[in-house]
Structures are given as C-alpha cells and as structure tokens.
file input08.txt (compact mmCIF, C-alpha atoms)
# COMPACT_ATOMS: atom_id res chain seq x y z
CA MET A 589 18.77 -3.55 29.48
CA PHE A 590 17.34 -6.92 28.53
CA ARG A 591 17.92 -6.22 24.87
CA THR A 592 21.50 -5.09 25.47
CA LEU A 593 22.04 -8.36 27.25
CA LEU A 594 20.43 -10.13 24.32
CA ALA A 595 22.93 -8.53 21.93
CA SER A 596 25.79 -9.56 24.16
CA ALA A 597 24.37 -13.04 24.43
CA ALA A 598 24.21 -13.29 20.66
CA LEU A 599 27.94 -12.78 20.33
CA ALA A 600 28.62 -14.84 23.41
CA LEU A 601 27.05 -17.68 21.46
CA VAL A 602 30.20 -17.72 19.38
CA MET A 603 32.20 -18.69 22.40
CA THR A 604 29.85 -20.70 24.55
CA ALA A 605 27.00 -22.35 22.72
CA PRO A 606 27.23 -26.05 22.09
CA GLY A 607 27.34 -26.63 18.36
CA ILE A 608 29.03 -23.30 17.63
CA ALA A 609 32.22 -24.07 19.42
CA GLN A 610 35.23 -22.05 18.39
CA ASP A 611 36.67 -24.72 16.13
CA ASP A 612 33.41 -25.10 14.27
CA LEU A 613 33.39 -21.58 12.85
CA SER A 614 34.37 -21.57 9.21
CA ASP A 615 35.81 -18.57 7.37
CA PRO A 616 32.53 -18.02 5.45
CA GLN A 617 30.68 -17.95 8.79
CA ILE A 618 33.25 -15.62 10.38
CA ALA A 619 33.01 -13.31 7.36
CA HIS A 620 29.22 -13.23 7.72
CA ILE A 621 29.39 -12.46 11.45
CA ALA A 622 31.94 -9.67 10.94
CA TYR A 623 30.03 -8.13 8.02
CA THR A 624 26.75 -8.33 9.95
CA ALA A 625 28.31 -6.73 13.02
CA GLY A 626 29.49 -3.79 10.90
CA GLN A 627 26.17 -3.46 9.10
CA ILE A 628 24.31 -3.38 12.41
CA ASP A 629 26.40 -0.45 13.60
CA ILE A 630 25.84 1.40 10.32
CA THR A 631 22.08 0.99 10.70
CA ALA A 632 22.22 2.15 14.32
CA ALA A 633 24.25 5.20 13.29
CA GLU A 634 21.78 6.04 10.52
CA GLN A 635 19.01 5.95 13.10
CA ALA A 636 21.03 8.32 15.29
CA LEU A 637 21.61 10.67 12.36
CA ARG A 638 17.86 10.75 11.79
CA LYS A 639 16.85 11.24 15.41
CA SER A 640 19.62 13.12 17.23
CA THR A 641 20.25 16.86 17.15
CA ASN A 642 23.34 16.74 19.37
CA PRO A 643 26.39 17.54 17.16
CA THR A 644 28.78 15.36 19.17
CA VAL A 645 26.41 12.42 18.80
CA THR A 646 25.84 12.98 15.08
CA ASP A 647 29.59 13.47 14.48
CA PHE A 648 30.20 10.14 16.19
CA ALA A 649 27.44 8.49 14.16
CA GLN A 650 28.91 9.83 10.91
CA THR A 651 32.26 8.33 11.84
CA MET A 652 30.57 4.99 12.53
CA VAL A 653 28.88 5.01 9.12
CA ARG A 654 32.04 6.03 7.28
CA ASP A 655 34.42 3.61 9.05
CA HIS A 656 32.19 0.54 9.08
CA LYS A 657 31.26 1.03 5.45
CA ALA A 658 34.97 1.18 4.61
CA VAL A 659 35.61 -2.11 6.40
CA ASN A 660 32.63 -3.81 4.82
CA VAL A 661 33.63 -2.67 1.33
CA GLN A 662 37.01 -4.29 1.97
CA ALA A 663 35.33 -7.40 3.38
CA LEU A 664 33.15 -7.79 0.29
CA ALA A 665 36.15 -7.28 -1.98
CA LEU A 666 38.06 -9.92 -0.03
CA VAL A 667 35.36 -12.59 -0.12
CA GLU A 668 34.93 -11.96 -3.83
CA LYS A 669 38.66 -12.29 -4.39
CA LEU A 670 38.77 -15.49 -2.36
CA GLY A 671 35.68 -16.89 -4.06
CA VAL A 672 34.00 -17.30 -0.68
CA THR A 673 30.28 -16.87 -0.06
CA PRO A 674 29.60 -15.51 3.45
CA GLU A 675 27.44 -18.01 5.25
CA GLU A 676 24.59 -17.01 7.52
CA ASN A 677 24.76 -18.78 10.86
CA ALA A 678 23.15 -18.83 14.30
CA THR A 679 25.40 -16.07 15.62
CA SER A 680 24.84 -13.62 12.78
CA THR A 681 21.10 -14.29 12.86
CA ALA A 682 20.93 -13.75 16.61
CA LEU A 683 22.93 -10.53 16.22
CA SER A 684 20.52 -9.21 13.61
CA ASP A 685 17.49 -10.13 15.73
CA ALA A 686 18.93 -8.43 18.81
CA ALA A 687 19.82 -5.34 16.78
CA GLN A 688 16.29 -5.11 15.39
CA ALA A 689 14.86 -5.27 18.91
CA LYS A 690 17.30 -2.60 20.09
CA SER A 691 16.43 -0.37 17.17
CA GLU A 692 12.72 -0.55 18.03
CA GLU A 693 13.52 0.28 21.65
CA LEU A 694 15.59 3.32 20.62
CA GLU A 695 12.99 4.46 18.11
CA ALA A 696 10.58 5.08 20.98
CA LEU A 697 13.00 7.50 22.65
CA GLU A 698 13.58 11.17 21.86
CA GLY A 699 16.10 13.92 22.62
CA GLU A 700 18.58 13.40 25.42
CA ALA A 701 17.03 10.05 26.36
CA PHE A 702 17.69 8.76 22.84
CA ASP A 703 21.25 10.14 22.78
CA ALA A 704 22.11 8.53 26.12
CA ALA A 705 20.60 5.16 25.16
CA TYR A 706 22.23 5.15 21.70
CA VAL A 707 25.68 5.96 23.07
CA ALA A 708 25.35 3.50 25.97
CA ASN A 709 24.46 0.78 23.48
CA GLU A 710 27.43 1.74 21.29
CA VAL A 711 29.75 1.26 24.27
CA ALA A 712 28.26 -2.13 25.12
CA TYR A 713 28.04 -3.26 21.51
CA HIS A 714 31.62 -2.38 20.61
CA ARG A 715 32.90 -3.98 23.81
CA THR A 716 31.08 -7.20 23.00
CA VAL A 717 32.21 -7.24 19.37
CA ASN A 718 35.79 -6.57 20.43
CA GLU A 719 35.73 -9.47 22.86
CA ALA A 720 34.35 -11.76 20.17
CA LEU A 721 36.92 -10.58 17.61
CA GLU A 722 39.82 -10.96 19.99
CA GLY A 723 38.77 -14.14 21.72
CA THR A 724 37.18 -16.11 18.92
CA LEU A 725 36.82 -14.71 15.43
CA ILE A 726 40.46 -13.74 14.83
CA PRO A 727 41.94 -16.92 16.34
CA SER A 728 39.44 -19.04 14.37
CA ALA A 729 40.05 -17.44 10.97
CA ASP A 730 42.13 -19.66 8.70
CA ASN A 731 42.74 -17.33 5.78
CA ALA A 732 45.58 -14.86 6.45
CA GLU A 733 43.92 -11.97 4.61
CA LEU A 734 40.65 -12.47 6.48
CA LYS A 735 42.56 -12.61 9.75
CA ALA A 736 44.41 -9.37 8.86
CA LEU A 737 41.16 -7.60 8.00
CA LEU A 738 39.62 -8.72 11.29
CA GLU A 739 42.68 -7.43 13.14
CA THR A 740 42.30 -4.05 11.44
CA GLY A 741 38.63 -4.18 12.38
CA LEU A 742 39.56 -4.82 16.01
CA LYS A 743 41.82 -1.73 16.10
CA LEU A 744 39.03 0.32 14.59
CA PHE A 745 36.37 -1.06 16.94
CA ALA A 746 38.63 -0.46 19.94
CA SER A 747 39.00 3.17 18.84
CA HIS A 748 35.22 3.44 18.47
CA GLN A 749 34.66 1.91 21.90
CA ALA A 750 36.98 4.49 23.49
CA HIS A 751 35.25 7.28 21.56
CA ALA A 752 31.82 6.04 22.70
CA GLU A 753 33.00 5.81 26.31
CA HIS A 754 34.22 9.44 26.24
CA LEU A 755 30.97 10.51 24.65
CA ALA A 756 28.93 8.63 27.25
CA ALA A 757 30.87 10.39 30.03
CA ASP A 758 30.29 13.78 28.34
CA LEU A 759 26.56 13.18 28.07
CA GLN A 760 26.17 12.50 31.79
CA MET L 54 81.32 17.10 -19.72
CA SER L 55 80.17 19.44 -22.45
CA THR L 56 81.18 23.06 -22.60
CA LEU L 57 77.60 24.07 -22.01
CA LEU L 58 77.41 22.07 -18.78
CA ILE L 59 80.70 23.49 -17.56
CA ARG L 60 79.47 27.02 -18.21
CA ARG L 61 76.22 26.31 -16.37
CA SER L 62 78.01 24.87 -13.39
CA MET L 63 80.40 27.86 -13.24
CA LEU L 64 77.42 30.18 -13.38
CA ALA L 65 75.67 28.30 -10.57
CA GLY L 66 78.82 28.48 -8.45
CA LEU L 67 79.15 32.18 -9.07
CA LEU L 68 75.52 32.80 -8.10
CA CYS L 69 76.00 30.88 -4.88
CA PHE L 70 79.10 32.88 -4.07
CA LEU L 71 77.36 36.19 -4.74
CA SER L 72 74.30 35.35 -2.68
CA PRO L 73 74.74 37.19 0.65
CA ALA L 74 72.71 34.84 2.87
CA ALA L 75 71.45 31.77 1.09
CA PRO L 76 68.39 30.49 3.00
CA VAL L 77 68.60 27.06 4.56
CA LEU L 78 66.62 24.71 2.40
CA ALA L 79 63.43 23.37 3.87
CA GLU L 80 63.24 19.63 4.29
CA GLU L 81 60.30 17.37 3.53
CA TYR L 82 59.35 14.55 5.87
CA VAL L 83 56.70 11.88 5.50
CA VAL L 84 54.55 10.86 8.48
CA THR L 85 52.59 7.75 7.63
CA ILE L 86 49.29 6.72 9.15
CA ASP L 87 48.82 2.97 9.21
CA GLN L 88 46.55 0.66 11.19
CA MET L 89 44.94 3.50 13.14
CA GLU L 90 48.27 4.98 14.31
CA PHE L 91 50.50 7.91 13.38
CA GLY L 92 53.96 6.71 12.45
CA ASP L 93 57.24 8.07 13.75
CA VAL L 94 57.63 11.83 13.65
CA PRO L 95 61.02 13.30 12.61
CA ALA L 96 63.08 14.55 15.52
CA GLU L 97 64.72 17.64 14.03
CA LEU L 98 62.04 19.80 12.52
CA LYS L 99 62.47 23.48 11.69
CA VAL L 100 60.08 26.25 10.74
CA GLY L 101 59.58 26.05 6.99
CA ASP L 102 59.93 22.27 6.81
CA VAL L 103 57.12 20.34 5.20
CA ILE L 104 55.27 17.38 6.66
CA ILE L 105 53.68 15.10 4.08
CA TRP L 106 50.88 13.27 5.89
CA ARG L 107 50.31 9.95 4.13
CA ASN L 108 47.19 7.98 5.06
CA ASN L 109 47.67 4.30 4.24
CA ASP L 110 44.47 3.28 6.04
CA MET L 111 41.12 2.49 4.46
CA PHE L 112 39.61 5.04 6.87
CA ARG L 113 39.42 8.80 6.67
CA HIS L 114 41.63 10.53 9.23
CA THR L 115 42.73 14.05 10.09
CA ALA L 116 45.95 15.53 11.43
CA THR L 117 44.71 18.31 13.67
CA ASP L 118 46.59 20.70 15.94
CA ARG L 119 44.98 20.80 19.39
CA ASP L 120 45.57 24.58 19.40
CA GLY L 121 43.84 25.01 16.07
CA SER L 122 46.71 26.11 13.82
CA PHE L 123 46.09 23.31 11.30
CA ASP L 124 43.45 20.72 10.49
CA VAL L 125 44.52 18.47 7.61
CA ASP L 126 41.83 16.26 6.11
CA LEU L 127 43.17 12.87 5.00
CA PRO L 128 40.80 10.73 2.95
CA PRO L 129 41.70 7.01 2.66
CA LYS L 130 44.92 6.35 0.75
CA ALA L 131 45.54 10.10 0.31
CA GLU L 132 48.32 12.43 1.32
CA ALA L 133 48.53 16.14 2.08
CA ARG L 134 51.32 18.66 2.70
CA LEU L 135 51.67 20.91 5.70
CA VAL L 136 54.26 23.69 5.94
CA LEU L 137 55.39 24.21 9.54
CA GLU L 138 54.91 27.90 10.16
CA SER L 139 55.75 28.28 13.81
CA ALA L 140 58.17 26.88 16.37
CA GLY L 141 57.20 24.99 19.47
CA SER L 142 55.80 21.72 20.68
CA ILE L 143 52.67 20.96 18.68
CA GLU L 144 50.33 18.27 19.90
CA PHE L 145 48.20 16.82 17.14
CA TYR L 146 45.51 14.16 16.92
CA CYS L 147 42.90 12.70 14.60
CA ARG L 148 39.55 14.43 15.11
CA LEU L 149 37.73 11.28 14.02
CA HIS L 150 39.72 8.81 16.16
CA SER L 151 40.83 10.66 19.25
CA GLY L 152 43.16 7.90 20.42
CA MET L 153 45.48 8.70 17.51
CA VAL L 154 47.93 11.32 18.80
CA GLY L 155 51.44 12.67 18.28
CA THR L 156 53.73 15.63 18.89
CA LEU L 157 55.77 17.75 16.46
CA THR L 158 58.75 19.54 18.01
CA VAL L 159 59.68 22.45 15.75
CA SER L 160 62.72 24.68 16.25
CA PRO L 161 62.93 28.27 14.86

call {"tool": "encode", "arguments": {"input": "input08.txt", "output": "structure tokens"}}
result
Amino acid sequence: MFRTLLASAALALVMTAPGIAQDDLSDPQIAHIAYTAGQIDITAAEQALRKSTNPTVTDFAQTMVRDHKAVNVQALALVEKLGVTPEENATSTALSDAAQAKSEELEALEGEAFDAAYVANEVAYHRTVNEALEGTLIPSADNAELKALLETGLKLFASHQAHAEHLAADLQ
Amino acid sequence: MSTLLIRRSMLAGLLCFLSPAAPVLAEEYVVTIDQMEFGDVPAELKVGDVIIWRNNDMFRHTATDRDGSFDVDLPPKAEARLVLESAGSIEFYCRLHSGMVGTLTVSP
C-alpha cells in the first residue's frame, strides 16, 4: 500500500510540488515523463508474463506490452523528428524509483496473491497516470504533435484502466 | 464509339436480358477504427455484403463477434475483409480493448 501511494505521489508531484509547477514543465520533460510511464508499465507486464499462469492476467499483460511499446515507438519517432531530447526530471525519476520498489514487492509474491497485487497496481497506476495526463501533461504540452500523442495515450490508458478494473473484479 | 465496343455492349445487354434472376450485387463498406473507437457502421447491410475493417490506429485491434461467428485480427495500419454470412443483429467488440464495441444489423 505504501508503495502504491509512493507511485501516486510521484505523479502528484507534477501537479503539487513547488518547483515543478504546471507551467514549469517543458516539452522535453513531459516527453520523458510520458515515455517513462509507458516503460514502467511494460516492465511490470513483463514481470507478470514471467510470474503469472492465469491466462486472463497474461493476456492483459501482453496487451500492455504491445500497446505501450507502440506508443513509445511513436514517442521516440516524434522527439527525433522534432529534434528534442527527452529530459529526465524529478517526476520521471520518482516514478522510476517507485516502480522499482513496487516490482520488488511483487517479486516476493506468487500465484493468486501476485495476480491480485499486479492487477490492483495496474488499476491504481493507470488511474494516476490518466489524472496526470488529463490534468497536467496534456494542458502543459506546447507542441501540437506531442499534445496529440498524449491525447491518444490518454484514450489508450483509459481503456487499460477499465480493462484492469474488470480484471480486478473477476479475480475477487 | 468503335464497332467493337458497340458489339460488346450489345452482347452484355443480351446476357443481362437472358439471365433469369441476376443476383443482387454485394456492396462493400469500410468501417474505420481510429483513436480507440469503431467508426460509423452502415445502416443497410445485407447478407453477402462485405465489411472492410480498416485499422488506422498504432495499436493492434480485433473485430470480434460476441457470439463467435467471426474474429478478425487487425494489426496496426492494416485492413481485413469480412463477408457477412448471416442475418441478424451482430454485436462486435475488440478483444484487446473491451470498451470498443459496435453492432452490425444485417438483413437477409
């Protein structure tokens, strides 16, 4: 629970922390946060594919890998086209740290306990990312193509959140 | 118009006239997937018509009948054809993104 809160707090930094106020986020920083958020979910899904034997969980994880990789390929192509170098920042670093802690926590679990914890984290994680995308990252993006890609990402993440919520209900 | 063309057109007309019950031609309709949504579905579908599912997204999708009569795989930026083989109201969705749904209404 603490680590889930930590992950939420990492993205909440985008909106609340002094020094990372909304207006201060540059496009290179936003690109780094969005790419990192996708990469974190890919890594979590790869862990699920390694540990879970539940077909509904592994099907979900495969969709996470496939979809987030697709977005991140587009994100890399866009930053290259724009000549922008994604810039690491306090939010993306905090996200990565929280994800690492969560991964270690999940690694210690097996079977149904792992499935339940993985899916619960997917619900919480997607909800938090969606709130950050909608409330901060999309409004803060200056470049129209970056904004459009983030908007596509939000539709995708919202779909994933709904999928994870259904899955969580099924696992109970 | 050349003589050859006139002869061909007369022949075509004759064949049409002789044909006892010319089948109604099947129509082709495109249903586009964009931004995680199925686009508009044609209103007047008939058995034998063809749906061309066109996936404009960067994500893989499917067009899948809830009753199992078809399951069309749609890689990113790909399209696939589906011949409508039975009449009725067919609810379809994307197996990978269950919020994406639609209905085909097919008459005999």

call {"tool": "closest_atom_pairs", "arguments": {"input": "input08.txt", "of": "chain A", "to": "chain L", "cutoff": "10 Å", "atoms": "all atoms listed in the file", "output": "JSON lines"}}
result
{"residue": "A:Asp647", "atom": "CA", "partner": "L:Leu149", "partner_atom": "CA", "distance": 8.4}
{"residue": "A:Phe648", "atom": "CA", "partner": "L:Leu149", "partner_atom": "CA", "distance": 7.9}
{"residue": "A:Gln650", "atom": "CA", "partner": "L:Leu149", "partner_atom": "CA", "distance": 9.5}
{"residue": "A:Thr651", "atom": "CA", "partner": "L:Leu149", "partner_atom": "CA", "distance": 6.6}
{"residue": "A:Met652", "atom": "CA", "partner": "L:Leu149", "partner_atom": "CA", "distance": 9.6}
{"residue": "A:Arg654", "atom": "CA", "partner": "L:Phe112", "partner_atom": "CA", "distance": 7.6}
{"residue": "A:Asp655", "atom": "CA", "partner": "L:Phe112", "partner_atom": "CA", "distance": 5.8}
{"residue": "A:His656", "atom": "CA", "partner": "L:Phe112", "partner_atom": "CA", "distance": 9.0}
{"residue": "A:Lys657", "atom": "CA", "partner": "L:Phe112", "partner_atom": "CA", "distance": 9.4}
{"residue": "A:Ala658", "atom": "CA", "partner": "L:Met111", "partner_atom": "CA", "distance": 6.3}
{"residue": "A:Val659", "atom": "CA", "partner": "L:Met111", "partner_atom": "CA", "distance": 7.4}
{"residue": "A:Val661", "atom": "CA", "partner": "L:Met111", "partner_atom": "CA", "distance": 9.6}
{"residue": "A:Gln662", "atom": "CA", "partner": "L:Met111", "partner_atom": "CA", "distance": 8.3}
{"residue": "A:Glu739", "atom": "CA", "partner": "L:Gln88", "partner_atom": "CA", "distance": 9.2}
{"residue": "A:Thr740", "atom": "CA", "partner": "L:Gln88", "partner_atom": "CA", "distance": 6.3}
{"residue": "A:Gly741", "atom": "CA", "partner": "L:Gln88", "partner_atom": "CA", "distance": 9.4}
{"residue": "A:Lys743", "atom": "CA", "partner": "L:Met89", "partner_atom": "CA", "distance": 6.8}
{"residue": "A:Leu744", "atom": "CA", "partner": "L:Met89", "partner_atom": "CA", "distance": 6.9}
{"residue": "A:Ala746", "atom": "CA", "partner": "L:Gly152", "partner_atom": "CA", "distance": 9.5}
{"residue": "A:Ser747", "atom": "CA", "partner": "L:His150", "partner_atom": "CA", "distance": 6.3}
{"residue": "A:His748", "atom": "CA", "partner": "L:His150", "partner_atom": "CA", "distance": 7.4}
{"residue": "A:Ala750", "atom": "CA", "partner": "L:Gly152", "partner_atom": "CA", "distance": 7.7}
{"residue": "A:His751", "atom": "CA", "partner": "L:Ser151", "partner_atom": "CA", "distance": 6.9}
{"residue": "A:His754", "atom": "CA", "partner": "L:Ser151", "partner_atom": "CA", "distance": 9.7}

call {"tool": "write_last_selection", "arguments": {"input": "input08.txt", "atoms": "C-alpha atoms", "output": "CSV table (one decimal), in the coordinates of the input"}}
result
chain,number,residue,atom,x,y,z
A,647,ASP,CA,29.6,13.5,14.5
A,648,PHE,CA,30.2,10.1,16.2
A,650,GLN,CA,28.9,9.8,10.9
A,651,THR,CA,32.3,8.3,11.8
A,652,MET,CA,30.6,5.0,12.5
A,654,ARG,CA,32.0,6.0,7.3
A,655,ASP,CA,34.4,3.6,9.0
A,656,HIS,CA,32.2,0.5,9.1
A,657,LYS,CA,31.3,1.0,5.4
A,658,ALA,CA,35.0,1.2,4.6
A,659,VAL,CA,35.6,-2.1,6.4
A,661,VAL,CA,33.6,-2.7,1.3
A,662,GLN,CA,37.0,-4.3,2.0
A,739,GLU,CA,42.7,-7.4,13.1
A,740,THR,CA,42.3,-4.0,11.4
A,741,GLY,CA,38.6,-4.2,12.4
A,743,LYS,CA,41.8,-1.7,16.1
A,744,LEU,CA,39.0,0.3,14.6
A,746,ALA,CA,38.6,-0.5,19.9
A,747,SER,CA,39.0,3.2,18.8
A,748,HIS,CA,35.2,3.4,18.5
A,750,ALA,CA,37.0,4.5,23.5
A,751,HIS,CA,35.2,7.3,21.6
A,754,HIS,CA,34.2,9.4,26.2

call {"tool": "residues_near_point", "arguments": {"input": "input08.txt", "point": "(54.5, 14.1, 12.1)", "cutoff": "12 Å", "atoms": "all atoms listed in the file", "output": "CSV table (one decimal) with C-alpha atoms, keeping the file's coordinate frame"}}
result
chain,number,residue,atom,x,y,z
L,81,GLU,CA,60.3,17.4,3.5
L,82,TYR,CA,59.4,14.6,5.9
L,83,VAL,CA,56.7,11.9,5.5
L,84,VAL,CA,54.6,10.9,8.5
L,85,THR,CA,52.6,7.8,7.6
L,86,ILE,CA,49.3,6.7,9.2
L,90,GLU,CA,48.3,5.0,14.3
L,91,PHE,CA,50.5,7.9,13.4
L,92,GLY,CA,54.0,6.7,12.4
L,93,ASP,CA,57.2,8.1,13.8
L,94,VAL,CA,57.6,11.8,13.6
L,95,PRO,CA,61.0,13.3,12.6
L,96,ALA,CA,63.1,14.6,15.5
L,97,GLU,CA,64.7,17.6,14.0
L,98,LEU,CA,62.0,19.8,12.5
L,102,ASP,CA,59.9,22.3,6.8
L,103,VAL,CA,57.1,20.3,5.2
L,104,ILE,CA,55.3,17.4,6.7
L,105,ILE,CA,53.7,15.1,4.1
L,106,TRP,CA,50.9,13.3,5.9
L,107,ARG,CA,50.3,10.0,4.1
L,108,ASN,CA,47.2,8.0,5.1
L,115,THR,CA,42.7,14.0,10.1
L,116,ALA,CA,46.0,15.5,11.4
L,117,THR,CA,44.7,18.3,13.7
L,118,ASP,CA,46.6,20.7,15.9
L,125,VAL,CA,44.5,18.5,7.6
L,133,ALA,CA,48.5,16.1,2.1
L,134,ARG,CA,51.3,18.7,2.7
L,135,LEU,CA,51.7,20.9,5.7
L,136,VAL,CA,54.3,23.7,5.9
L,137,LEU,CA,55.4,24.2,9.5
L,142,SER,CA,55.8,21.7,20.7
L,143,ILE,CA,52.7,21.0,18.7
L,144,GLU,CA,50.3,18.3,19.9
L,145,PHE,CA,48.2,16.8,17.1
L,146,TYR,CA,45.5,14.2,16.9
L,147,CYS,CA,42.9,12.7,14.6
L,153,MET,CA,45.5,8.7,17.5
L,154,VAL,CA,47.9,11.3,18.8
L,155,GLY,CA,51.4,12.7,18.3
L,156,THR,CA,53.7,15.6,18.9
L,157,LEU,CA,55.8,17.8,16.5
L,158,THR,CA,58.8,19.5,18.0
L,159,VAL,CA,59.7,22.4,15.8

call {"tool": "atom_distance", "arguments": {"input": "input08.txt", "atom1": "atom CA of Leu721 of chain A", "atom2": "atom CA of Asp612 of chain A"}}
result
15.3 Å

call {"tool": "atom_distance", "arguments": {"input": "input08.txt", "atom1": "atom CA of Arg119 of chain L", "atom2": "atom CA of Gly101 of chain L"}}
result
19.9 Å

call {"tool": "atom_distance", "arguments": {"input": "input08.txt", "atom1": "atom CA of Tyr623 of chain A", "atom2": "atom CA of Glu695 of chain A"}}
result
23.5 Å
